[in-house]
$ cat protein-v7.txt   # compact mmCIF, C-alpha atoms
# COMPACT_ATOMS: atom_id res chain seq x y z
CA MET A 20 56.19 103.65 135.74
CA VAL A 21 53.79 105.51 133.42
CA LEU A 22 55.23 107.39 130.45
CA ARG A 23 53.82 110.87 130.11
CA PRO A 24 52.98 112.93 127.03
CA LEU A 25 55.69 114.73 125.11
CA ILE A 26 56.36 118.09 126.76
CA PHE A 27 58.55 120.91 125.51
CA SER A 28 59.51 123.95 127.56
CA PHE A 29 61.47 126.95 126.35
CA VAL A 30 63.71 129.30 128.28
CA VAL A 31 65.58 132.26 126.90
CA ALA A 32 69.16 133.17 127.72
CA PRO A 33 70.90 136.21 126.27
CA ALA A 34 70.98 135.73 122.48
CA LEU A 35 70.05 132.05 122.87
CA ALA A 36 66.74 130.16 122.95
CA VAL A 37 67.19 126.70 124.46
CA ALA A 38 64.71 123.89 123.93
CA GLN A 39 64.87 121.57 126.92
CA GLN A 40 65.21 118.32 125.04
CA PRO A 41 65.99 115.26 127.17
CA PHE A 42 69.40 114.94 125.53
CA PRO A 43 71.07 116.81 122.63
CA THR A 44 70.97 115.32 119.14
CA TYR A 45 73.35 115.43 116.20
CA THR A 46 71.73 118.63 114.92
CA ASP A 47 72.73 120.47 118.12
CA ASN A 48 76.39 120.20 117.08
CA GLY A 49 77.27 119.50 120.70
CA THR A 50 80.68 119.02 122.28
CA TRP A 51 81.15 117.54 125.75
CA SER A 52 84.52 117.89 127.54
CA VAL A 53 84.98 115.02 130.00
CA LEU A 54 87.53 114.47 132.74
CA GLN A 55 88.78 110.89 132.52
CA CYS A 56 91.05 109.67 135.32
CA ILE A 57 92.66 106.23 135.17
CA THR A 58 94.02 104.76 138.40
CA GLY A 59 96.76 102.15 138.39
CA SER A 60 100.32 102.87 139.39
CA GLY A 61 99.42 106.48 140.12
CA THR A 62 96.62 108.48 138.52
CA THR A 63 96.57 109.91 135.02
CA CYS A 64 93.88 112.42 134.01
CA ILE A 65 93.22 113.62 130.48
CA THR A 66 90.66 115.75 128.67
CA THR A 67 88.48 113.82 126.24
CA THR A 68 86.19 115.52 123.72
CA GLN A 69 82.91 113.72 123.07
CA THR A 70 80.89 114.48 119.93
CA TYR A 71 78.56 112.71 117.54
CA ALA A 72 80.15 111.31 114.40
CA GLU A 73 77.07 111.51 112.15
CA ALA A 74 73.32 110.95 111.92
CA ASN A 75 71.63 107.90 110.40
CA THR A 76 68.02 107.03 109.56
CA PHE A 77 66.90 103.44 110.13
CA CYS A 78 64.12 101.50 111.83
CA GLY A 79 61.79 104.44 111.16
CA HIS A 80 63.79 107.00 113.19
CA THR A 81 66.74 109.36 112.87
CA TRP A 82 69.61 108.42 115.16
CA SER A 83 72.64 110.39 116.35
CA THR A 84 75.70 108.16 116.05
CA TYR A 85 78.47 108.21 118.65
CA THR A 86 81.76 106.37 118.26
CA TRP A 87 84.55 105.82 120.74
CA PRO A 88 87.96 104.13 120.41
CA THR A 89 88.67 100.67 121.73
CA PHE A 90 91.11 97.88 121.09
CA GLY A 91 90.59 96.92 117.44
CA SER A 92 87.74 98.56 115.50
CA PRO A 93 85.79 101.54 116.94
CA ASN A 94 82.63 100.94 118.96
CA VAL A 95 79.38 102.53 117.80
CA ALA A 96 76.17 103.58 119.57
CA HIS A 97 73.02 105.14 118.08
CA LEU A 98 70.82 107.48 120.16
CA ARG A 99 67.46 109.18 119.57
CA ASN A 100 64.99 111.26 121.58
CA ASP A 101 61.58 109.77 122.24
CA GLY A 102 59.50 112.38 124.02
CA LEU A 103 61.28 112.95 127.33
CA ARG A 104 63.42 109.84 126.97
CA THR A 105 66.61 109.11 125.05
CA LEU A 106 66.96 105.61 123.63
CA LEU A 107 70.05 103.74 122.48
CA ARG A 108 70.89 100.92 120.05
CA ARG A 109 74.22 99.29 119.44
CA SER A 110 73.52 98.36 115.81
CA MET A 111 71.21 99.15 112.88
CA ASP A 112 69.52 95.78 113.23
CA CYS A 113 65.90 96.60 114.15
CA LEU A 114 65.60 93.29 116.00
CA ASP A 115 68.36 94.22 118.45
CA LYS A 116 67.55 95.46 121.94
CA GLU A 117 66.75 99.14 122.47
CA TYR A 118 67.89 100.65 125.77
CA VAL A 119 66.86 103.67 127.81
CA ILE A 120 69.77 106.03 128.44
CA TYR A 121 67.85 109.04 129.88
CA ASP A 122 64.25 109.30 131.11
CA PHE A 123 63.09 112.81 132.05
CA SER A 124 59.48 111.66 132.43
CA MET A 125 60.34 110.09 135.80
CA GLU A 126 58.97 111.40 139.09
CA VAL A 127 60.60 111.18 142.52
CA GLY A 128 60.59 107.57 143.69
CA ASP A 129 60.38 106.15 140.15
CA SER A 130 62.97 103.66 138.98
CA VAL A 131 64.18 102.56 135.57
CA TYR A 132 66.61 100.00 134.22
CA ALA A 133 68.84 102.15 132.04
CA ALA A 134 71.76 101.24 129.83
CA LEU A 135 75.01 101.08 131.76
CA ASN A 136 77.82 99.21 130.05
CA MET A 137 77.62 97.73 126.60
CA ASP A 138 81.01 96.00 126.72
CA LEU A 139 80.58 93.52 129.58
CA PRO A 140 78.29 90.49 129.07
CA GLY A 141 75.38 90.42 131.52
CA GLN A 142 75.91 94.02 132.65
CA ASP A 143 74.12 95.99 129.95
CA THR A 144 71.60 97.65 132.30
CA ALA A 145 71.47 98.87 135.88
CA LEU A 146 68.73 100.00 138.26
CA PHE A 147 68.39 103.80 138.59
CA VAL A 148 66.17 105.34 141.32
CA LEU A 149 65.17 109.02 141.18
CA GLN A 150 65.82 110.76 144.51
CA ALA A 151 64.99 114.41 143.76
CA ILE A 152 64.14 116.91 141.03
CA ASP A 153 65.05 120.57 141.22
CA THR A 154 65.86 123.47 138.91
CA VAL A 155 69.33 124.96 138.63
CA GLU A 156 70.46 128.07 136.82
CA ILE A 157 73.40 127.32 134.55
CA LEU A 158 74.95 130.22 132.66
CA GLY A 159 71.67 132.14 132.79
CA VAL A 160 69.43 129.21 131.80
CA ASP A 161 67.09 127.37 134.20
CA ARG A 162 67.34 123.61 133.71
CA ARG A 163 65.74 120.67 135.48
CA ARG A 164 68.22 118.53 137.41
CA PHE A 165 67.50 114.91 138.28
CA SER A 166 69.43 113.44 141.22
CA LEU A 167 69.59 109.64 141.09
CA LEU A 168 71.21 106.66 142.74
CA PHE A 169 72.13 103.67 140.62
CA ASN A 170 73.43 100.16 141.03
CA LEU A 171 77.04 100.32 139.89
CA CYS A 172 77.96 97.18 137.93
CA ASN A 173 74.90 95.39 139.35
CA GLN A 174 76.30 95.23 142.85
CA ASP A 175 74.19 94.73 145.95
CA MET A 176 73.27 98.34 146.75
CA VAL A 177 71.70 101.19 144.78
CA SER A 178 74.12 103.74 146.21
CA THR A 179 76.16 105.43 143.46
CA PRO A 180 75.07 109.06 142.81
CA MET A 181 74.49 110.52 139.36
CA GLU A 182 72.94 113.75 138.11
CA TRP A 183 71.06 114.26 134.86
CA ILE A 184 70.59 117.82 133.60
CA GLU A 185 67.94 118.34 130.95
CA GLY A 186 69.40 119.36 127.61
CA ILE A 187 72.96 118.45 128.69
CA GLY A 188 72.99 114.86 129.97
CA SER A 189 74.82 113.14 132.80
CA THR A 190 77.27 115.20 134.86
CA MET A 191 79.52 112.13 134.99
CA HIS A 192 79.73 111.23 131.31
CA PRO A 193 77.13 112.02 128.63
CA PHE A 194 77.47 108.55 127.11
CA TYR A 195 77.95 106.68 130.39
CA SER A 196 76.01 103.73 128.97
CA VAL A 197 78.81 102.93 126.54
CA ASP A 198 81.76 103.77 128.79
CA CYS A 199 82.87 101.68 131.73
CA LEU A 200 81.87 102.93 135.19
CA CYS A 201 82.70 99.72 137.06
CA TYR A 202 85.37 99.64 139.74
CA LEU A 203 87.37 97.03 137.86
CA CYS A 204 87.86 99.52 135.03
CA GLN A 205 90.01 101.68 137.31
CA GLN A 206 88.68 104.89 135.82
CA SER A 207 86.23 107.65 136.61
CA PHE A 208 84.52 110.39 134.62
CA THR A 209 83.34 113.95 135.31
CA LEU A 210 81.62 116.24 132.82
CA LEU A 211 83.58 119.48 132.73
CA CYS A 212 81.57 121.50 130.21
CA TYR A 213 79.13 121.30 127.32
CA ASP A 214 78.89 123.50 124.23
CA SER A 215 76.00 123.48 121.75
CA SER A 216 76.46 125.09 118.33
CA GLY A 217 79.48 126.94 119.65
CA VAL A 218 77.68 128.35 122.72
CA GLN A 219 78.71 127.18 126.19
CA LEU A 220 75.72 125.86 128.14
CA TYR A 221 77.39 124.13 131.10
CA VAL A 222 80.55 124.36 133.19
CA ASN A 223 81.26 122.06 136.14
CA PRO A 224 80.94 124.29 139.25
CA VAL A 225 83.85 122.63 141.08
CA PHE A 226 86.43 122.56 138.31
CA ASN A 227 85.15 125.73 136.57
CA THR A 228 87.10 124.85 133.44
CA CYS A 229 86.65 122.93 130.18
CA ASP A 230 90.19 121.56 130.35
CA THR A 231 90.72 118.42 132.40
CA LEU A 232 94.33 119.29 133.13
CA LEU A 233 95.04 122.20 135.41
CA THR A 234 96.93 124.59 133.18
CA THR A 235 97.73 127.05 135.96
CA ILE A 236 97.96 127.01 139.72
CA HIS A 237 95.18 129.62 139.81
CA GLU A 238 92.75 127.19 138.15
CA ALA A 239 93.49 124.59 140.82
CA GLU A 240 92.74 127.12 143.52
CA THR A 241 89.08 127.14 142.42
CA VAL A 242 88.78 123.78 144.20
CA PRO A 243 87.12 124.45 147.58
CA THR A 244 89.50 124.32 150.54
CA SER A 245 86.90 122.75 152.90
CA GLY A 246 89.23 123.10 155.90
CA LEU A 247 92.19 121.39 154.21
CA GLN A 248 95.54 122.20 155.81
CA VAL A 249 98.93 121.24 154.34
CA ILE A 250 102.15 121.36 156.39
CA TYR A 251 105.42 121.09 154.43
CA ASP A 252 108.46 119.60 156.21
CA ALA A 253 111.41 120.38 153.93
CA ALA A 254 113.90 118.45 156.07
CA ALA A 255 111.82 115.25 156.02
CA GLY A 256 110.59 115.73 152.46
CA THR A 257 106.96 115.23 153.45
CA LEU A 258 103.60 116.93 153.34
CA ARG A 259 101.24 116.39 156.26
CA VAL A 260 97.65 116.86 155.14
CA LEU A 261 95.00 117.65 157.74
CA ARG A 262 91.28 118.12 157.26
CA ALA A 263 88.41 118.86 159.61
CA TRP A 264 86.24 115.79 160.10
CA ASN A 265 83.12 115.61 157.92
CA GLY A 266 80.66 112.94 159.02
CA ARG A 267 79.22 112.51 155.52
CA ASP A 268 82.14 112.21 153.12
CA GLU A 269 84.73 110.87 155.58
CA MET A 270 82.78 107.60 155.67
CA ALA A 271 83.23 107.16 151.92
CA SER A 272 85.84 104.84 150.48
CA ARG A 273 88.41 105.33 147.72
CA HIS A 274 89.71 108.69 148.96
CA SER A 275 93.08 109.73 147.63
CA LEU A 276 95.44 112.69 147.63
CA MET A 277 97.10 114.02 144.50
CA LEU A 278 99.95 116.48 144.17
CA ILE A 279 99.26 118.40 140.95
CA THR A 280 101.94 120.31 139.04
CA ALA A 281 101.42 123.76 137.54
CA ASP A 282 100.83 122.21 134.09
CA GLY A 283 98.26 119.73 135.38
CA ARG A 284 100.32 116.55 135.77
CA THR A 285 99.97 114.27 138.80
CA ALA A 286 103.36 114.25 140.54
CA VAL A 287 102.31 112.10 143.52
CA HIS A 288 99.25 109.91 144.06
CA HIS A 289 98.51 108.64 147.57
CA ASP A 290 95.56 106.34 148.35
CA LEU A 291 93.90 106.79 151.74
CA GLU A 292 91.98 104.74 154.22
CA GLY A 293 89.02 106.64 155.68
CA ALA A 294 90.71 107.41 159.01
CA ALA A 295 93.92 108.56 157.35
CA ILE A 296 92.25 111.60 155.76
CA HIS A 297 92.73 113.48 159.04
CA GLY A 298 96.53 113.29 159.07
CA ALA A 299 98.02 111.74 155.95
CA LEU A 300 101.70 111.95 155.04
CA MET A 301 102.82 112.37 151.43
CA ASP A 302 106.42 111.67 150.44
CA VAL A 303 107.61 114.56 148.25
CA SER A 304 111.33 114.03 148.69
CA ARG A 305 111.79 113.29 144.98
CA VAL A 306 109.53 116.09 143.74
CA ALA A 307 111.15 119.00 141.91
CA PRO A 308 110.97 122.40 143.63
CA GLY A 309 108.03 124.55 142.59
CA ALA A 310 104.38 125.44 143.16
CA TYR A 311 101.85 122.61 143.43
CA VAL A 312 98.27 121.98 144.52
CA VAL A 313 97.32 119.17 146.91
CA VAL A 314 93.89 117.80 145.90
CA LEU A 315 91.67 115.50 147.97
CA THR A 316 89.34 113.36 145.83
CA ASP A 317 86.85 110.55 146.43
CA GLY A 318 87.59 109.02 143.02
CA ARG A 319 84.90 111.00 141.21
CA THR A 320 84.83 114.50 142.69
CA ARG A 321 87.46 116.89 143.99
CA LEU A 322 86.56 117.53 147.61
CA ALA A 323 89.26 120.01 148.59
CA GLY A 324 92.47 121.58 147.41
CA HIS A 325 95.37 123.57 148.85
CA ARG A 326 98.33 125.31 147.24
CA VAL A 327 101.82 124.47 148.47
CA VAL A 328 105.37 125.50 147.46
CA ILE A 329 108.03 122.80 147.64
CA GLU A 330 111.63 124.00 147.97
$ encode --input "protein-v7.txt" --output "C-alpha cells"
Amino acid sequence: MVLRPLIFSFVVAPALAVAQQPFPTYTDNGTWSVLQCITGSGTTCITTTQTYAEANTFCGHTWSTYTWPTFGSPNVAHLRNDGLRTLLRRSMDCLDKEYVIYDFSMEVGDSVYAALNMDLPGQDTALFVLQAIDTVEILGVDRRRFSLLFNLCNQDMVSTPMEWIEGIGSTMHPFYSVDCLCYLCQQSFTLLCYDSSGVQLYVNPVFNTCDTLLTTIHEAETVPTSGLQVIYDAAAGTLRVLRAWNGRDEMASRHSLMLITADGRTAVHHDLEGAAIHGALMDVSRVAPGAYVVVLTDGRTRLAGHRVVIE
C-alpha cells in the first residue's frame, strides 16, 4: 500500500467550519458517547463518555493522551495524526512499537494491519480490508465514510464490519484499539454521538440519541420495526415475537431479544438461535406491569424494535 501526500479538505456547516482530519486531536475538545453492552447473565448497557485526558510532546511529536479504567492502575494510550493516518503508542518510550489506528489514505481493496487490542498478548493488531468509500451527510456536513471488514481477534475470516468516518472515527468505538472487541470479552460497542468543542457533529442514525439508556419509550420507538410483530399472552405470561424472514441478517449468529423498560433497563434478555428469530417466546410472567420495548439485536446493532404493554 502506497501512502499518499497529506490532503486537507474543508466543508462548511452552519456556523461551523470542519477540517476533515483523519481523527480528532486533543485540541478539538472532543467527546464521544459510546454504548457499551456487557453480556453474561443477562445484558447490561451503559453510557460511557470518552475524552482525551491531556496532550504530551515526546519523540518529536505532540500526542493526544487517552486513559481508560481497568483493574489496578489506569491504562494509557497516546495518539497523533500523521497526514491521513492516526498512529498510536502505549508508552512514551520512543523505542516502543507505533501502531496504525486509522488510515484514510487507503483505497478500495487496500488492507492494513491496524491496532486492535493492546491488552491481550499476541493480539495487538488485526487485518483490515477496505470494502467501499462513500460520502455521507451528517448534521449538514459531508464526510467520507470507509466501510471495512476486519479479522476479529485474529480468527480465520476477515468478516467483521466496521465503519470509519473522517473527522469522527470508528462508529463502533473511537478507541477500539485499546478496548476489547473479542467475543471472549462478552461486550460490544456502538458510537452514539460525537461532539467537538461543544458542537454535535455525529448522531447514530439508528439510536438517534447520545444516551445509551433509553430514557423514554418514545426514544426506543426510533428503532426500525422491520416487520417485527409481538403478541402478548397475558394468561401464559409470554411474548411471542415474529419477524419476516431476511436472507441477509437471519443467517447471522448471536441474535438476542431484549425487553427494555421505560427508563432504559433490560428486564429480560433472551438469546436466540438463527431459526428461532421467526417465532421466539419470551417469559414475562415475573415482569412488572407497564410499557416496554422489545428489541432485536445481533450483538452490535439494534435490528428492530416494537412497543408492548404488559398488564
$ residues_around --input "protein-v7.txt" --residues "Val53 of chain A" --least-positions-apart "2" --cutoff "8 Å" --atoms "only C-alpha atoms" --output "list in words"
Trp51, Gln55, Thr66, Thr67, Thr68, Gln69, Met191, His192, Phe208, Thr209, Leu210, Leu211, Cys212 and Thr231 of chain A
$ residues_near_point --input "protein-v7.txt" --point "(76.1, 107.0, 139.3)" --cutoff "10 Å" --atoms "all atoms listed in the file" --output "VMD selection string"
chain A and resid 135 145 147 166 to 171 177 to 183 189 to 192 195 200 319
$ atom_distance --input "protein-v7.txt" --atom1 "atom CA of Ala133 of chain A" --atom2 "atom CA of Thr228 of chain A"
29.2 Å
$ closest_residue --input "protein-v7.txt" --among "A:Ala323, A:Cys78, A:Met277, A:Ile329" --to "Ala254 of chain A" --atoms "all atoms listed in the file"
A:Ile329
$ closest_residue --input "protein-v7.txt" --among "A:Val197, A:Val160, A:Gln40, A:Val131" --to "Tyr85 of chain A" --atoms "only C-alpha atoms"
A:Val197
$ closest_residue --input "protein-v7.txt" --among "A:Glu185, A:Val249, A:Phe226, A:Tyr132" --to "Leu103 of chain A" --atoms "all atoms listed in the file"
A:Glu185
$ atom_distance --input "protein-v7.txt" --atom1 "atom CA of Ala307 of chain A" --atom2 "atom CA of Thr257 of chain A"
12.8 Å
$ closest_residue --input "protein-v7.txt" --among "A:Leu300, A:Ala286, A:His274, A:Ser207" --to "Cys56 of chain A" --atoms "all atoms listed in the file"
A:Ser207
$ closest_residue --input "protein-v7.txt" --among "A:Ala96, A:Ile120, A:Cys172, A:Leu158" --to "Asn223 of chain A" --atoms "only C-alpha atoms"
A:Leu158
$ atom_distance --input "protein-v7.txt" --atom1 "atom CA of Gln142 of chain A" --atom2 "atom CA of Tyr118 of chain A"
12.5 Å
$ closest_residue --input "protein-v7.txt" --among "A:Gly128, A:Pro43, A:Gly298, A:Pro308" --to "Leu220 of chain A" --atoms "only C-alpha atoms"
A:Pro43
$ residues_around --input "protein-v7.txt" --residues "Thr105 of chain A" --least-positions-apart "5" --cutoff "9 Å" --atoms "only C-alpha atoms" --output "list in words"
Pro41, Phe42, Leu98, Arg99, Asn100, Tyr118, Val119, Ile120, Tyr121, Asp122 and Phe123 of chain A
